[in-house]
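Q: I'd like to ask some things about the structure below.
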Amino acid sequence: MFTNRNGIEPFESKVWLSSPTMHGPEIEYVKDAYETNWMSTVGRNINEIERMACEVIGCNYAVALSSGTAALHMAVKLAGVKTGTKVFCSDMTFDATVNPVVYEGGIPIFIDTEYDTWNMDPIALARAFELYPDVKVVVVAHLYGVPGKIDEIKKVCERYGAIIIEDAAESLGATYKGVQTGTFGKYNTISYNGNKIITGSTGGMLLTDDKAAADKVRKWSTQSRENAPWYQHEELGYNYRMSNVVAGIVRGQYSYLKEHIEQKKTIYRRYKEGLQGLPVRMNPFDEAKSEPNYWLSCMLIDEAAMCRQVRSDCEVLYSRERHKSCPSEILEVLNRYNAEGRPIWKPMHMQPIYRTNRFVCREEKEIDVGRDIFHRGLCLPSDNKMTIEQQKQVIEIIKKCFE
């Protein structure tokens, strides 16, 4: 075991970034699926979580699917994206936000990030429409559970007659002006992946107020089987429906959503207080308009306090400097103490697969905000089972990196 000369011992058990938190009811609903033999893609667990999602989020229809990515794929298909269709997409996000556009042959155009919420910049979006006024679909993600500037983004989209697909995979339970994310687009999605605010180990949901759209997704996601005595197929289908077993886990999690958010909020506040005096800032949000779900607590190092750090596609080098640090050093040291952190999402326009796609900033020579946040930011251990003492130790480890 590694022992630091400063007297801080490694954690005996791993302090995770964000791991599943189970409570008990989940296994009872899974047993129900088992005992009633509804182990496939129909059953009362599925029916119930679709009802619960509509009730909690405030939409009319929800379709339970195998993953958040599957839900985004169905949303992109509903939006009419086809080969050659240009689509504006959030740039600083996980690639699952973007890949479904390519599944349908679409061409992602990446919109830069803004510093206030780390989400899509409405000013850059407006500039993108000036360059590509015929674009009719915009895919917007809410990073780390923080709502973006929804009013401004919607106004820009309405001006050009474009629809919004809202990727609320990370922001279930977050609100903007008191309204849940997952309701602001024409088609919206959430995720129940293992590290999300509530989980089914996997799974996702397509959310909409359009009954015809929901019915289409129910059909597409079960291999587009027609209403016939035999297996009749007239259009391309997908094996995307959620299992009734997975739905049982999600069903047991829903009643703990608010509790998980409060725990994550407490973690965020402890970091914000404990890191005062260091040349760092927490991931921001508009306190007057939004309430995040605080899924991940993140940190941005002041530019003047950055030690030298160079990243290639798969490797990183940094040099230790007095009173300075960088994400790579902090993540390395946290790992040495048995705590998990993560780099900020590498922007899509920096990814080898998408480097030839167009990327739009506020102005032609404006700073690349996403690149800057990726360079200086990191995600901190944010597991809601982390104890106060463990978090205090994480904070002390970070402080030591700036000595």
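Chain labels run A, B, ... following the order of the structure tokens; each chain numbers its residues from 1, and ligands are numbered from 1 in the order shown.
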Report as a count of residues only all protein, DNA and RNA residues lying within 8 Å of Ile111 of chain A, evaluated on only C-alpha atoms, omitting residues in the same chain fewer than 6 positions from it.
A: 12
Q: Quick one: residues within 10 Å of Glu321 of chain A, only C-alpha atoms counted, chain neighbours fewer than 5 positions away excluded, as a PyMOL selection string?
A: chain A and resi 305-308+326+401-403
Q: Quick one: residues within 8 Å of Gly58 of chain A, only C-alpha atoms, excluding same-chain residues fewer than 4 positions away - as an MDAnalysis selection string?
A: chainID A and resid 53:54 180 183
Q: Output C-alpha atoms for every residue in the selection just made, as an mmCIF file, in the first residue's frame.
A:
data_model
loop_
_atom_site.group_PDB
_atom_site.id
_atom_site.type_symbol
_atom_site.label_atom_id
_atom_site.label_comp_id
_atom_site.auth_asym_id
_atom_site.auth_seq_id
_atom_site.Cartn_x
_atom_site.Cartn_y
_atom_site.Cartn_z
ATOM 1 C CA ALA A 53 -41.028 8.991 -15.663
ATOM 2 C CA CYS A 54 -43.968 10.959 -17.055
ATOM 3 C CA GLN A 180 -37.560 19.454 -15.255
ATOM 4 C CA THR A 183 -39.189 18.472 -21.343
#
Q: Check the smallest atom-to-atom distance from each of A:Met242, A:Ile27, A:Ile163, A:Ala75 to Asn47 of chain A using only C-alpha atoms, then report the winner.
A: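 Checking each candidate against Asn47 of chain A, we get A:Met242 as the closest.
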Q: Set the distance at 10 Å and use only C-alpha atoms: which residues neighbour segment 31-38 of chain A once local chain neighbours fewer than 2 positions away are removed? I'd like the list as a compact mmCIF listing (two decimals) with C-alpha atoms, in the first residue's frame.
A:
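Generated file (result.txt):
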# COMPACT_ATOMS: atom_id res chain seq x y z
CA PRO A 25 -36.91 -2.35 -3.21
CA GLU A 26 -35.00 -2.90 -6.46
CA ILE A 27 -34.47 -6.61 -5.81
CA GLU A 28 -38.14 -7.09 -4.92
CA TYR A 29 -39.25 -5.77 -8.31
CA SER A 40 -38.47 -10.11 -21.61
CA THR A 41 -39.43 -6.68 -22.94
CA VAL A 42 -42.98 -6.55 -21.58
CA GLY A 43 -44.24 -6.49 -18.01
CA ARG A 44 -45.57 -4.33 -15.23
CA ASN A 45 -42.15 -2.99 -14.25
CA SER A 243 -36.01 -5.61 -20.27
CA ASN A 244 -38.66 -6.00 -17.55
CA VAL A 245 -35.83 -7.13 -15.25
CA VAL A 246 -33.82 -3.93 -15.76
CA ALA A 247 -37.05 -1.96 -15.38
CA GLY A 248 -37.49 -3.56 -11.95
Q: Show which residues sit within 12 Å of Ser312 of chain A, as a list in words. Count only C-alpha atoms, and ignore same-chain residues fewer than 2 positions away.
A: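 So, after excluding close chain neighbours, the residues are Gln309, Val310, Cys314, Glu315, Val316, Leu317, Tyr318, Lys346, Met350, Gln351, Pro352 and His375 of chain A.
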Q: Output C-alpha atoms for every residue in that selection, as a PDB file, in the first residue's frame.
A:
ATOM      1  CA  GLN A 309       0.623  19.838 -19.154  1.00  0.00           C
ATOM      2  CA  VAL A 310       0.703  18.337 -22.634  1.00  0.00           C
ATOM      3  CA  CYS A 314      -3.778   8.805 -25.637  1.00  0.00           C
ATOM      4  CA  GLU A 315      -0.960  10.045 -23.405  1.00  0.00           C
ATOM      5  CA  VAL A 316      -0.203  12.953 -21.105  1.00  0.00           C
ATOM      6  CA  LEU A 317       2.914  14.614 -19.724  1.00  0.00           C
ATOM      7  CA  TYR A 318       3.132  17.266 -17.037  1.00  0.00           C
ATOM      8  CA  LYS A 346     -12.911  15.730 -24.315  1.00  0.00           C
ATOM      9  CA  MET A 350     -10.998  17.253 -30.745  1.00  0.00           C
ATOM     10  CA  GLN A 351     -11.841  13.564 -31.165  1.00  0.00           C
ATOM     11  CA  PRO A 352     -10.028  11.809 -34.027  1.00  0.00           C
ATOM     12  CA  HIS A 375      -7.362  21.366 -20.448  1.00  0.00           C
TER      13      HIS A 375
END
Q: Which residues come within 8 Å of Gly370 of chain A, counting only C-alpha atoms, excluding same-chain residues fewer than 5 positions away, as JSON, numbers by chain?
A: {"A": [91, 92, 112, 113, 114, 118, 346, 347]}
Q: Convert the current residue selection to file output with all heavy atoms, as an mmCIF file, in the first residue's frame.
A:
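Wrote part.cif, looks like this:
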data_model
loop_
_atom_site.group_PDB
_atom_site.id
_atom_site.type_symbol
_atom_site.label_atom_id
_atom_site.label_comp_id
_atom_site.auth_asym_id
_atom_site.auth_seq_id
_atom_site.Cartn_x
_atom_site.Cartn_y
_atom_site.Cartn_z
ATOM 1 N N ASP A 91 -20.800 20.259 -28.137
ATOM 2 C CA ASP A 91 -19.428 19.843 -28.416
ATOM 3 C C ASP A 91 -18.783 19.143 -27.227
ATOM 4 O O ASP A 91 -18.156 18.099 -27.377
ATOM 5 C CB ASP A 91 -18.600 21.070 -28.811
ATOM 6 C CG ASP A 91 -17.152 20.717 -29.117
ATOM 7 O OD1 ASP A 91 -16.934 19.816 -29.948
ATOM 8 O OD2 ASP A 91 -16.244 21.334 -28.526
ATOM 9 N N MET A 92 -18.931 19.716 -26.041
ATOM 10 C CA MET A 92 -18.307 19.124 -24.858
ATOM 11 C C MET A 92 -19.313 18.186 -24.198
ATOM 12 O O MET A 92 -20.159 18.581 -23.395
ATOM 13 C CB MET A 92 -17.844 20.207 -23.879
ATOM 14 C CG MET A 92 -16.794 19.689 -22.899
ATOM 15 S SD MET A 92 -15.950 20.991 -21.984
ATOM 16 C CE MET A 92 -17.201 21.458 -20.801
ATOM 17 N N ASP A 112 -19.641 25.356 -29.864
ATOM 18 C CA ASP A 112 -18.751 25.542 -28.717
ATOM 19 C C ASP A 112 -19.533 25.720 -27.412
ATOM 20 O O ASP A 112 -20.738 25.992 -27.397
ATOM 21 C CB ASP A 112 -17.843 26.743 -28.956
ATOM 22 C CG ASP A 112 -16.617 26.746 -28.051
ATOM 23 O OD1 ASP A 112 -16.342 25.725 -27.391
ATOM 24 O OD2 ASP A 112 -15.916 27.785 -27.995
ATOM 25 N N THR A 113 -18.798 25.616 -26.335
ATOM 26 C CA THR A 113 -19.297 25.674 -24.974
ATOM 27 C C THR A 113 -19.181 27.092 -24.428
ATOM 28 O O THR A 113 -18.379 27.882 -24.926
ATOM 29 C CB THR A 113 -18.461 24.704 -24.115
ATOM 30 O OG1 THR A 113 -18.452 23.424 -24.761
ATOM 31 C CG2 THR A 113 -18.995 24.549 -22.717
ATOM 32 N N GLU A 114 -19.997 27.416 -23.405
ATOM 33 C CA GLU A 114 -19.835 28.705 -22.706
ATOM 34 C C GLU A 114 -19.407 28.436 -21.260
ATOM 35 O O GLU A 114 -19.654 27.364 -20.719
ATOM 36 C CB GLU A 114 -21.110 29.557 -22.791
ATOM 37 C CG GLU A 114 -22.425 28.816 -22.616
ATOM 38 C CD GLU A 114 -22.792 28.582 -21.177
ATOM 39 O OE1 GLU A 114 -22.171 29.202 -20.293
ATOM 40 O OE2 GLU A 114 -23.690 27.783 -20.924
ATOM 41 N N TRP A 118 -21.011 25.540 -18.778
ATOM 42 C CA TRP A 118 -20.257 24.504 -19.482
ATOM 43 C C TRP A 118 -21.120 23.770 -20.515
ATOM 44 O O TRP A 118 -20.835 22.621 -20.866
ATOM 45 C CB TRP A 118 -19.625 23.489 -18.517
ATOM 46 C CG TRP A 118 -18.565 24.040 -17.615
ATOM 47 C CD1 TRP A 118 -18.215 25.345 -17.439
ATOM 48 C CD2 TRP A 118 -17.703 23.286 -16.745
ATOM 49 N NE1 TRP A 118 -17.190 25.447 -16.515
ATOM 50 C CE2 TRP A 118 -16.873 24.209 -16.068
ATOM 51 C CE3 TRP A 118 -17.571 21.934 -16.460
ATOM 52 C CZ2 TRP A 118 -15.913 23.812 -15.140
ATOM 53 C CZ3 TRP A 118 -16.615 21.526 -15.524
ATOM 54 C CH2 TRP A 118 -15.802 22.457 -14.883
ATOM 55 N N LYS A 346 -13.692 15.143 -23.235
ATOM 56 C CA LYS A 346 -12.911 15.730 -24.315
ATOM 57 C C LYS A 346 -13.870 16.179 -25.416
ATOM 58 O O LYS A 346 -14.667 15.384 -25.912
ATOM 59 C CB LYS A 346 -11.916 14.708 -24.865
ATOM 60 C CG LYS A 346 -10.971 15.277 -25.917
ATOM 61 C CD LYS A 346 -9.949 14.231 -26.348
ATOM 62 C CE LYS A 346 -8.956 14.811 -27.336
ATOM 63 N NZ LYS A 346 -7.940 13.813 -27.740
ATOM 64 N N PRO A 347 -13.818 17.448 -25.804
ATOM 65 C CA PRO A 347 -14.771 17.947 -26.805
ATOM 66 C C PRO A 347 -14.761 17.109 -28.076
ATOM 67 O O PRO A 347 -13.734 16.580 -28.502
ATOM 68 C CB PRO A 347 -14.272 19.374 -27.069
ATOM 69 C CG PRO A 347 -13.612 19.773 -25.796
ATOM 70 C CD PRO A 347 -12.939 18.523 -25.310
#
Q: So, counting only C-alpha atoms, which residue among A:Val394, A:Asn357, A:Ile57, A:Val137 is closest to Val81 of chain A?
A: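 That would be A:Val137, the residue with the smallest distance to Val81 of chain A.
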Q: Using only C-alpha atoms, which of A:Leu275, A:Ala169, A:Val56, A:Val139 sits nearest Gly204 of chain A?
A: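 Closest to Gly204 of chain A, using only C-alpha atoms: A:Ala169.
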Q: Let me make sure I understand: among A:Lys392, A:Lys289, A:Arg358, A:Arg371, which one has the smallest atom-to-atom distance to Ile107 of chain A if we use only C-alpha atoms?
A: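 Nearest candidate to Ile107 of chain A out of A:Lys392, A:Lys289, A:Arg358, A:Arg371: A:Arg358.
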Q: If you run DSSP on this backbone, which residues of segment 1-185 of chain A come out as strand (DSSP E), and could you give them as a count of residues only?
A: 29
Q: In Å, rounded to a single decimal, give me how far atom CA of Lys177 of chain A is from atom CA of Pro20 of chain A.
A: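 Atom CA of Lys177 of chain A lies 28.6 Å from atom CA of Pro20 of chain A.
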Q: Mind running segment 123-207 of chain A against segment 380-385 of chain A at 12 Å and telling me each contacting residue's nearest atom pair with the distance in Å (one decimal), counting only C-alpha atoms, chain and number ascending, as a Markdown table?
A:
| residue | atom | partner | partner_atom | distance |
| --- | --- | --- | --- | --- |
| A:Tyr144 | CA | A:Ser382 | CA | 11.0 |
| A:Gly194 | CA | A:Asp383 | CA | 12.0 |
| A:Asn195 | CA | A:Asp383 | CA | 9.0 |
| A:Lys196 | CA | A:Asp383 | CA | 10.3 |
| A:Ile197 | CA | A:Asn384 | CA | 9.3 |
| A:Ile198 | CA | A:Asn384 | CA | 11.2 |
Q: Next, the residues of the selection above should be written as a CSV table (one decimal), in the first residue's frame with C-alpha atoms.
A:
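Generated output (again_5.csv):
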chain,number,residue,atom,x,y,z
A,144,TYR,CA,-22.8,16.9,-15.4
A,194,GLY,CA,-24.8,2.4,-13.8
A,195,ASN,CA,-23.1,5.7,-12.8
A,196,LYS,CA,-26.2,8.0,-13.2
A,197,ILE,CA,-28.2,9.7,-10.5
A,198,ILE,CA,-30.5,6.6,-10.4
Q: Work out how far apart atom CA of Glu340 of chain A and atom CA of Leu378 of chain A are and give it in Å to one decimal.
A: 11.0 Å
Q: DSSP on the backbone: which residues in segment 151-258 of chain A end up as alpha helix (DSSP H)? Give the answer as a PyMOL selection string.
A: chain A and resi 151-159+211-220+244-253+257-258
Q: Based on the selection just made, write C-alpha atoms of those residues as a PDB file, in the first residue's frame.
A:
ATOM      1  CA  ASP A 151     -34.380  30.007 -22.929  1.00  0.00           C
ATOM      2  CA  GLU A 152     -31.685  31.487 -25.133  1.00  0.00           C
ATOM      3  CA  ILE A 153     -31.128  28.240 -27.033  1.00  0.00           C
ATOM      4  CA  LYS A 154     -34.867  27.823 -27.639  1.00  0.00           C
ATOM      5  CA  LYS A 155     -35.196  31.380 -28.945  1.00  0.00           C
ATOM      6  CA  VAL A 156     -32.420  30.817 -31.454  1.00  0.00           C
ATOM      7  CA  CYS A 157     -33.943  27.524 -32.601  1.00  0.00           C
ATOM      8  CA  GLU A 158     -37.426  29.041 -32.925  1.00  0.00           C
ATOM      9  CA  ARG A 159     -36.020  31.877 -35.049  1.00  0.00           C
ATOM     10  CA  LYS A 211     -48.290  10.275 -28.886  1.00  0.00           C
ATOM     11  CA  ALA A 212     -47.649   9.344 -32.517  1.00  0.00           C
ATOM     12  CA  ALA A 213     -43.892   9.708 -31.935  1.00  0.00           C
ATOM     13  CA  ALA A 214     -44.024   7.518 -28.815  1.00  0.00           C
ATOM     14  CA  ASP A 215     -45.996   4.870 -30.694  1.00  0.00           C
ATOM     15  CA  LYS A 216     -43.448   4.898 -33.523  1.00  0.00           C
ATOM     16  CA  VAL A 217     -40.598   4.343 -31.076  1.00  0.00           C
ATOM     17  CA  ARG A 218     -42.450   1.461 -29.397  1.00  0.00           C
ATOM     18  CA  LYS A 219     -42.741  -0.165 -32.816  1.00  0.00           C
ATOM     19  CA  TRP A 220     -39.218   0.623 -34.054  1.00  0.00           C
ATOM     20  CA  ASN A 244     -38.660  -6.003 -17.553  1.00  0.00           C
ATOM     21  CA  VAL A 245     -35.827  -7.131 -15.250  1.00  0.00           C
ATOM     22  CA  VAL A 246     -33.820  -3.926 -15.763  1.00  0.00           C
ATOM     23  CA  ALA A 247     -37.052  -1.965 -15.383  1.00  0.00           C
ATOM     24  CA  GLY A 248     -37.486  -3.555 -11.948  1.00  0.00           C
ATOM     25  CA  ILE A 249     -34.207  -2.022 -10.786  1.00  0.00           C
ATOM     26  CA  VAL A 250     -35.187   1.393 -12.172  1.00  0.00           C
ATOM     27  CA  ARG A 251     -38.613   1.094 -10.536  1.00  0.00           C
ATOM     28  CA  GLY A 252     -37.011   0.561  -7.152  1.00  0.00           C
ATOM     29  CA  GLN A 253     -34.682   3.518  -7.657  1.00  0.00           C
ATOM     30  CA  LEU A 257     -34.156  10.265  -6.772  1.00  0.00           C
ATOM     31  CA  LYS A 258     -34.616  13.282  -4.494  1.00  0.00           C
TER      32      LYS A 258
END
Q: Skip segment 278-288 of chain A itself and residues of its chain fewer than 5 positions away, then list as a PyMOL selection string all residues within 8 Å of it, counting only C-alpha atoms.
A: chain A and resi 115-118+146-147+271-272+297-302+305+399+402
Q: Go ahead and dump the residues you just picked, N, CA, C and O atoms, as an mmCIF file, in the first residue's frame.
A:
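After the write, result.cif holds the following:
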data_model
loop_
_atom_site.group_PDB
_atom_site.id
_atom_site.type_symbol
_atom_site.label_atom_id
_atom_site.label_comp_id
_atom_site.auth_asym_id
_atom_site.auth_seq_id
_atom_site.Cartn_x
_atom_site.Cartn_y
_atom_site.Cartn_z
ATOM 1 N N TYR A 115 -18.765 29.433 -20.655
ATOM 2 C CA TYR A 115 -18.187 29.244 -19.326
ATOM 3 C C TYR A 115 -19.219 29.243 -18.197
ATOM 4 O O TYR A 115 -18.958 28.700 -17.124
ATOM 5 N N ASP A 116 -20.391 29.849 -18.405
ATOM 6 C CA ASP A 116 -21.347 30.022 -17.312
ATOM 7 C C ASP A 116 -21.953 28.713 -16.828
ATOM 8 O O ASP A 116 -22.277 28.567 -15.653
ATOM 9 N N THR A 117 -22.162 27.759 -17.740
ATOM 10 C CA THR A 117 -22.762 26.478 -17.362
ATOM 11 C C THR A 117 -22.020 25.282 -17.954
ATOM 12 O O THR A 117 -22.401 24.135 -17.699
ATOM 13 N N TRP A 118 -21.011 25.540 -18.778
ATOM 14 C CA TRP A 118 -20.257 24.504 -19.482
ATOM 15 C C TRP A 118 -21.120 23.770 -20.515
ATOM 16 O O TRP A 118 -20.835 22.621 -20.866
ATOM 17 N N VAL A 146 -26.043 19.878 -14.992
ATOM 18 C CA VAL A 146 -26.304 21.326 -14.943
ATOM 19 C C VAL A 146 -27.078 21.740 -16.198
ATOM 20 O O VAL A 146 -26.585 21.548 -17.312
ATOM 21 N N PRO A 147 -28.273 22.316 -16.051
ATOM 22 C CA PRO A 147 -29.022 22.763 -17.235
ATOM 23 C C PRO A 147 -28.288 23.863 -17.990
ATOM 24 O O PRO A 147 -27.644 24.727 -17.405
ATOM 25 N N TYR A 271 -17.192 20.405 -1.249
ATOM 26 C CA TYR A 271 -16.038 20.720 -2.100
ATOM 27 C C TYR A 271 -15.889 22.238 -2.235
ATOM 28 O O TYR A 271 -14.777 22.771 -2.129
ATOM 29 N N LYS A 272 -16.973 22.912 -2.496
ATOM 30 C CA LYS A 272 -16.913 24.360 -2.715
ATOM 31 C C LYS A 272 -16.353 25.065 -1.487
ATOM 32 O O LYS A 272 -15.523 25.985 -1.604
ATOM 33 N N SER A 297 -19.440 16.535 -9.215
ATOM 34 C CA SER A 297 -18.772 17.762 -8.804
ATOM 35 C C SER A 297 -17.473 17.883 -9.586
ATOM 36 O O SER A 297 -16.647 16.954 -9.578
ATOM 37 N N CYS A 298 -17.300 19.005 -10.258
ATOM 38 C CA CYS A 298 -16.132 19.204 -11.110
ATOM 39 C C CYS A 298 -15.384 20.462 -10.688
ATOM 40 O O CYS A 298 -15.938 21.338 -10.015
ATOM 41 N N MET A 299 -14.152 20.570 -11.127
ATOM 42 C CA MET A 299 -13.277 21.647 -10.684
ATOM 43 C C MET A 299 -12.505 22.191 -11.869
ATOM 44 O O MET A 299 -12.058 21.433 -12.734
ATOM 45 N N LEU A 300 -12.359 23.519 -11.920
ATOM 46 C CA LEU A 300 -11.580 24.174 -12.968
ATOM 47 C C LEU A 300 -10.427 24.929 -12.317
ATOM 48 O O LEU A 300 -10.631 25.759 -11.425
ATOM 49 N N ILE A 301 -9.213 24.636 -12.735
ATOM 50 C CA ILE A 301 -8.018 25.277 -12.169
ATOM 51 C C ILE A 301 -7.789 26.614 -12.869
ATOM 52 O O ILE A 301 -7.886 26.715 -14.095
ATOM 53 N N ASP A 302 -7.489 27.654 -12.078
ATOM 54 C CA ASP A 302 -7.182 28.959 -12.665
ATOM 55 C C ASP A 302 -5.992 28.820 -13.621
ATOM 56 O O ASP A 302 -5.046 28.079 -13.344
ATOM 57 N N ALA A 305 -2.530 29.131 -12.298
ATOM 58 C CA ALA A 305 -2.111 28.091 -11.353
ATOM 59 C C ALA A 305 -1.879 26.739 -12.027
ATOM 60 O O ALA A 305 -1.678 25.734 -11.362
ATOM 61 N N LYS A 399 -5.288 19.780 -1.994
ATOM 62 C CA LYS A 399 -4.503 20.899 -1.451
ATOM 63 C C LYS A 399 -3.005 20.611 -1.543
ATOM 64 O O LYS A 399 -2.204 21.508 -1.875
ATOM 65 N N PHE A 402 -1.072 21.487 -4.661
ATOM 66 C CA PHE A 402 -0.765 22.892 -4.952
ATOM 67 C C PHE A 402 0.336 23.423 -4.035
ATOM 68 O O PHE A 402 0.644 24.614 -4.064
#
